[in-house]
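Visitor: Got a structure for you, written out below as structure tokens; questions coming shortly.
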Amino acid sequence: MLKIKTPKTLKAKRALDKRAPKLVENAKKTLILHGTKTSYVLNAVLAQIFHLKKGLAVKFSRKNENIRPFESSGETSLEFFSLKTDCSFFVFGSHSKKRPNNLILGRMYDHHIYDLVEVGVENFTPIESFKYDKKIAPRQGSKPFFAFIGENFESVDELKHLKEVLLDHFRGEIVENLNLTGVDRVFVCTAISSTTVSFKHCAIRLKKSGTSIPRIELIEVGPSMDLVVRRHRLPNEAVKKQAMKAAPMQPRKIKNVSRDEVKGKIGKIYMPDQQVGGLALSNNIKGLKRERREGKTKDKRDDQDLSKKMRTEESH
């Protein structure tokens with residue numbers, strides 16, 4: 001049998017409670033790492049992605065020889081790193097003659113690989129190449145908008161899958177309400193062809209429009225690159241069904257049960273008609289016997305009291 005280790009300190013217990021499943025999950029982190037060989041362009045791309053997700057990303061600087069996400073034998077080290085850093089997403093970069101400037105975007109479920117998308121990076125432009133007013137630079141941790149332009153995002157399976165992965169990687173923490181002035185960035189993804197997507201990062205500038213709704217102006221702040229889809233792997237249907245299962249936010253309502261502030265829990269039960277009018281009654285009933293027995297005992301007690309009273313009067 002496997003030995004189950006229990007936390008011995010409060011710090012370890014808090015760390016385990018933080019990683020435990022929750023009804024409302026925490027913001028998901030991204031693990032950024034590279035393979036044995038990378039190029040200058042790919043190193044810059046990984047650094048820029050880490051900058052965009054700063055605060056929700058963990059970046060490894062060492063080379064990793066045994067990581068091959070699309071091979072069954074090359075997933076062990078990646079899943080171990082995901083468990084160690086508590087990351088639900090990963091970005092893996094590698095460079096070879098067959099696949100230059102290769103970038104693999106993936107998602108995890110229960111610290112096992114859920115799905116994968118492999119893209120090639122072309123026409124990369126870093127943040128340093130763009131000139132703009134630094135006052136409008138997006139702030140760290142701000143929520144982004146997404147703009148997916150092109151019908152291929154709805155008709156081509158590869159681009160549809162890439163759209164889901166990009167949304168999960170860059171949307172940050174899930175919130176219910178947004179302040180318009182706090183939204184200062186947008187990711188613009190344009191489907192150039194059935195396999196190529198133009199990825200751009202723009203800042204939002206709000207200008208006067210003469211109405212209560214301001215006019216939005218986009219200023220490209222970088223990075224900018226073209227993503228060419230090479231391979232992708234969809235999740236298993238059984239795993240997908242399990243991963244998409246959502247816990248009920250409210251307790252299930254119990255039929256015929258209500259609560260009152262004074263009486264507390266109140267329940268209603270269904271009692272069918274007993275039809276006692278048609279039942280045959282018998283004289284051999286224990287209740288009647290008990291009444292007769294009690295009546296005899298009462299008469300005997302009254303006689304004793306009467307005789308005692310008469311003897312008392314005669315003595316006087």
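Each chain in the structure tokens gets a letter, A, B and so on, in the order shown; residues start at 1 in every chain, and ligands are counted from 1 in the order they appear.
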Residues of range 132-239 of chain A classed as strand (DSSP E) by DSSP on the backbone are to be reported as a ChimeraX atom specification.

Guide: /A:144-149,185-191,196-207,215-233

Visitor: Compile the contact shell of range 182-190 of chain A as a ChimeraX atom specification: residues with an atom at most 12 Å away, counting only C-alpha atoms, same-chain residues fewer than 6 positions apart removed.

Guide: /A:52,135-153,159-160,162-163,166-167,169-171,196-206,216-228

Visitor: Given only C-alpha atoms as the basis, pick out the residue of A:Leu105, A:Ala57, A:Leu83, A:Val45 nearest to Val121 in chain A.

Guide: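 Of the candidates, the smallest distance to Val121 in chain A is held by A:Val45.
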
Visitor: Which residues come within 12 Å of Glu65 in chain A, counting only C-alpha atoms, excluding same-chain residues fewer than 6 positions away, as an MDAnalysis selection string?

Guide: chainID A and resid 33:38 74:78 92:94
